Each structure stands twice: as structure tokens, then as C-alpha cells.
Amino acid sequence: MFKTKVTNLLEAALEERSDLFLIDFSIKGDNHIMVVIDGDNGVLVEDCMFISRAIEHNLDREEEDFSLEVMSAGATAPLVHKRQYIKNLKRTLEVKTTSDKMEGTLAKATDNDITLEWKVREPKPVGKGKITVKKEAKIAYPDIVEAKVMIKF
């Protein structure tokens, strides 16, 4: 009953703010509500406050005691939603697949897969020395074990 009410409040808030989307949601045994959100344009403190208020102001603490935690997906958290890939176009990702691990620039994100691009130095086909070659990999979402944005300083 409590979880259903919280879920409905959360869904209503996310419908109102279509730029935000849910990454994770759980309610622990002691009624600790934890919500992790992300947004197409990032997440501000005000966005977390909006979701928090949408839930908290519609629950009665006299009926059920609860604690509420609303946060954004961290910068180093793995990407789990297709909209996160679209949001991170042109950024460097480290992607672990079922068979490989690669790092490259996210060039494209569709409904079915992503395209990574990177450059590598290879021996010249003729003669001595090396040339820079542009590589590309198309990876289907089901093949991705983990994908993280690489933060460069």
C-alpha cells in the first residue's frame, strides 16, 4: 500500500517534468525511500527538491513514518538508461561488453545501439612508421555490461 502510493506520486512528478527520468527507486524495510534521477539537461538541486516535495507533501507522517532521499545519478555512476547515452553524446565513455572493454567517444546513440569512435596508431601498410587510424564500434544495448563517462581534467 505504502510503496504503491509512493510509486504513483513519483510517476506523477516525472510526468509533470518530462525532462527528468528515473534511474533507481527503492523503499527499504524501515520506510526509507531512495530515489535516483537524471535529466536530459542534467539535474539541479531544484530538480531533486521538486521530486522530494511531490512525494513528501502528499504523504502523512502521522499515518506512516518515513525518510526520503532524492539524488541525481553521480558523475561516475554507470549509465543505465538509453536517455543517458543521448545526453552524453560526444563524451568519452569506457564500455565493458560481454567480450571486450573499450574506450572511445560516443558518436551516436539510437534506440537499439551506440556507436563508439576512437583513434589508434597502427603500422603503415607499406614502409616504416605508423599512421593514425580512426576505429568505430557499434554496440547493442544488451551487449553492454557497464558503461561509464570518463571524466578528463
# chains A, B, ... in the order shown; residues from 1 in each chain; ligands from 1

$ residues_around --residues "stretch 75-88 of chain A" --least-positions-apart "6" --cutoff "12 Å" --atoms "only C-alpha atoms" --output "ChimeraX atom specification"
/A:18-24,36-43,94-96,105-116,140-142,144-152

$ write_last_selection --atoms "C-alpha atoms" --output "short mmCIF file (atom, residue, chain, number, x, y, z; two decimals), in the first residue's frame"
data_model
loop_
_atom_site.label_atom_id
_atom_site.label_comp_id
_atom_site.auth_asym_id
_atom_site.auth_seq_id
_atom_site.Cartn_x
_atom_site.Cartn_y
_atom_site.Cartn_z
CA SER A 18 9.32 15.14 -18.72
CA ASP A 19 12.96 16.29 -18.83
CA LEU A 20 13.67 14.15 -15.74
CA PHE A 21 13.75 10.35 -15.68
CA LEU A 22 14.10 7.66 -13.06
CA ILE A 23 17.35 5.75 -12.61
CA ASP A 24 16.64 3.90 -9.37
CA VAL A 36 17.85 8.46 -8.03
CA ILE A 37 17.00 10.66 -11.01
CA ASP A 38 18.75 12.02 -14.07
CA GLY A 39 17.74 14.64 -16.61
CA ASP A 40 18.18 15.35 -20.28
CA ASN A 41 19.88 18.62 -19.27
CA GLY A 42 21.48 17.37 -16.07
CA VAL A 43 19.97 17.58 -12.58
CA GLU A 94 34.50 3.36 -21.13
CA VAL A 95 32.31 0.47 -22.22
CA LYS A 96 32.58 -3.11 -20.99
CA THR A 105 33.89 8.98 -27.99
CA LEU A 106 30.15 8.33 -28.06
CA ALA A 107 29.32 9.29 -31.65
CA LYS A 108 25.75 8.02 -31.90
CA ALA A 109 23.01 6.58 -29.68
CA THR A 110 19.88 5.03 -31.21
CA ASP A 111 17.03 3.02 -29.75
CA ASN A 112 18.97 -0.22 -30.35
CA ASP A 113 22.68 0.54 -30.04
CA ILE A 114 25.51 3.02 -29.55
CA THR A 115 28.48 3.87 -31.76
CA LEU A 116 31.90 4.49 -30.22
CA ALA A 140 23.90 -3.19 -28.97
CA TYR A 141 22.49 -2.23 -25.55
CA PRO A 142 22.01 -5.87 -24.43
CA ILE A 144 26.77 -3.62 -22.69
CA VAL A 145 27.74 -4.89 -19.25
CA GLU A 146 28.75 -1.45 -17.96
CA ALA A 147 29.29 2.00 -19.48
CA LYS A 148 30.76 4.98 -17.65
CA VAL A 149 31.56 8.52 -18.68
CA MET A 150 35.30 9.16 -18.37
CA ILE A 151 35.95 12.45 -16.65
CA LYS A 152 39.01 14.22 -18.05
#

$ residues_around --residues "A:Ala13" --least-positions-apart "5" --cutoff "12 Å" --atoms "only C-alpha atoms" --output "PyMOL selection string"
chain A and resi 6-8+18-22+37+47-58

$ write_last_selection --atoms "N, CA and C atoms" --output "short mmCIF file (atom, residue, chain, number, x, y, z; two decimals), in the first residue's frame"
data_model
loop_
_atom_site.label_atom_id
_atom_site.label_comp_id
_atom_site.auth_asym_id
_atom_site.auth_seq_id
_atom_site.Cartn_x
_atom_site.Cartn_y
_atom_site.Cartn_z
N VAL A 6 3.66 5.77 -2.99
CA VAL A 6 4.90 6.49 -3.30
C VAL A 6 5.21 6.37 -4.80
N THR A 7 5.04 5.17 -5.35
CA THR A 7 5.29 4.96 -6.78
C THR A 7 4.39 5.85 -7.62
N ASN A 8 3.12 5.94 -7.28
CA ASN A 8 2.17 6.78 -8.02
C ASN A 8 2.55 8.27 -7.93
N SER A 18 8.90 16.15 -17.74
CA SER A 18 9.32 15.14 -18.72
C SER A 18 10.81 15.17 -19.03
N ASP A 19 11.51 16.23 -18.61
CA ASP A 19 12.96 16.29 -18.83
C ASP A 19 13.72 15.44 -17.82
N LEU A 20 13.05 15.00 -16.75
CA LEU A 20 13.67 14.15 -15.74
C LEU A 20 13.24 12.70 -15.96
N PHE A 21 14.11 11.76 -15.59
CA PHE A 21 13.75 10.35 -15.68
C PHE A 21 14.36 9.58 -14.53
N LEU A 22 13.74 8.47 -14.22
CA LEU A 22 14.10 7.66 -13.06
C LEU A 22 15.25 6.72 -13.38
N ILE A 37 17.52 10.13 -9.75
CA ILE A 37 17.00 10.66 -11.01
C ILE A 37 18.14 11.19 -11.88
N ASP A 47 15.69 20.41 -8.99
CA ASP A 47 15.00 19.23 -9.55
C ASP A 47 14.80 18.17 -8.47
N CYS A 48 15.82 17.94 -7.66
CA CYS A 48 15.70 16.99 -6.55
C CYS A 48 14.67 17.47 -5.54
N MET A 49 14.65 18.78 -5.29
CA MET A 49 13.67 19.35 -4.36
C MET A 49 12.25 19.18 -4.91
N PHE A 50 12.08 19.34 -6.21
CA PHE A 50 10.76 19.18 -6.83
C PHE A 50 10.23 17.76 -6.62
N ILE A 51 11.07 16.76 -6.88
CA ILE A 51 10.66 15.36 -6.71
C ILE A 51 10.41 15.07 -5.23
N SER A 52 11.29 15.57 -4.38
CA SER A 52 11.15 15.36 -2.94
C SER A 52 9.83 15.92 -2.43
N ARG A 53 9.53 17.14 -2.82
CA ARG A 53 8.28 17.78 -2.37
C ARG A 53 7.05 17.07 -2.93
N ALA A 54 7.13 16.62 -4.17
CA ALA A 54 6.00 15.92 -4.78
C ALA A 54 5.64 14.67 -4.00
N ILE A 55 6.63 14.03 -3.42
CA ILE A 55 6.38 12.82 -2.63
C ILE A 55 6.04 13.19 -1.19
N GLU A 56 6.92 13.96 -0.57
CA GLU A 56 6.80 14.25 0.86
C GLU A 56 5.52 15.01 1.23
N HIS A 57 5.12 15.96 0.42
CA HIS A 57 3.95 16.79 0.73
C HIS A 57 2.64 16.04 0.54
N ASN A 58 2.69 14.86 -0.05
CA ASN A 58 1.47 14.08 -0.28
C ASN A 58 1.41 12.82 0.58
#

$ select_by_dssp --residues "stretch 30-134 of chain A" --states "strand (DSSP E)" --output "ChimeraX atom specification"
/A:32-39,67-72,92-97,101-109,113-123,130-134

$ select_by_dssp --residues "chain A" --states "helix (DSSP H, G or I)" --output "count of residues only"
36

$ closest_residue --among "A:Met71, A:Leu93, A:Val35, A:Met102" --to "A:Ala137" --atoms "only C-alpha atoms"
A:Met102

$ closest_atom_pairs --of "stretch 44-91 of chain A" --to "stretch 25-28 of chain A" --cutoff "10 Å" --atoms "only C-alpha atoms" --output "CSV"
residue,atom,partner,partner_atom,distance
A:Phe66,CA,A:Ile27,CA,9.5
A:Ser67,CA,A:Ile27,CA,9.5
A:Leu68,CA,A:Ile27,CA,9.2
A:Val70,CA,A:Phe25,CA,9.3

$ write_last_selection --atoms "C-alpha atoms" --output "PDB file, in the first residue's frame"
ATOM      1  CA  PHE A  66       9.347   7.535   6.542  1.00  0.00           C
ATOM      2  CA  SER A  67      12.617   9.065   5.464  1.00  0.00           C
ATOM      3  CA  LEU A  68      13.194  10.333   1.935  1.00  0.00           C
ATOM      4  CA  VAL A  70      16.313  12.132  -3.621  1.00  0.00           C
TER       5      VAL A  70
END

$ atom_distance --atom1 "atom CA of A:Glu62" --atom2 "atom CA of A:Glu15"
27.5 Å
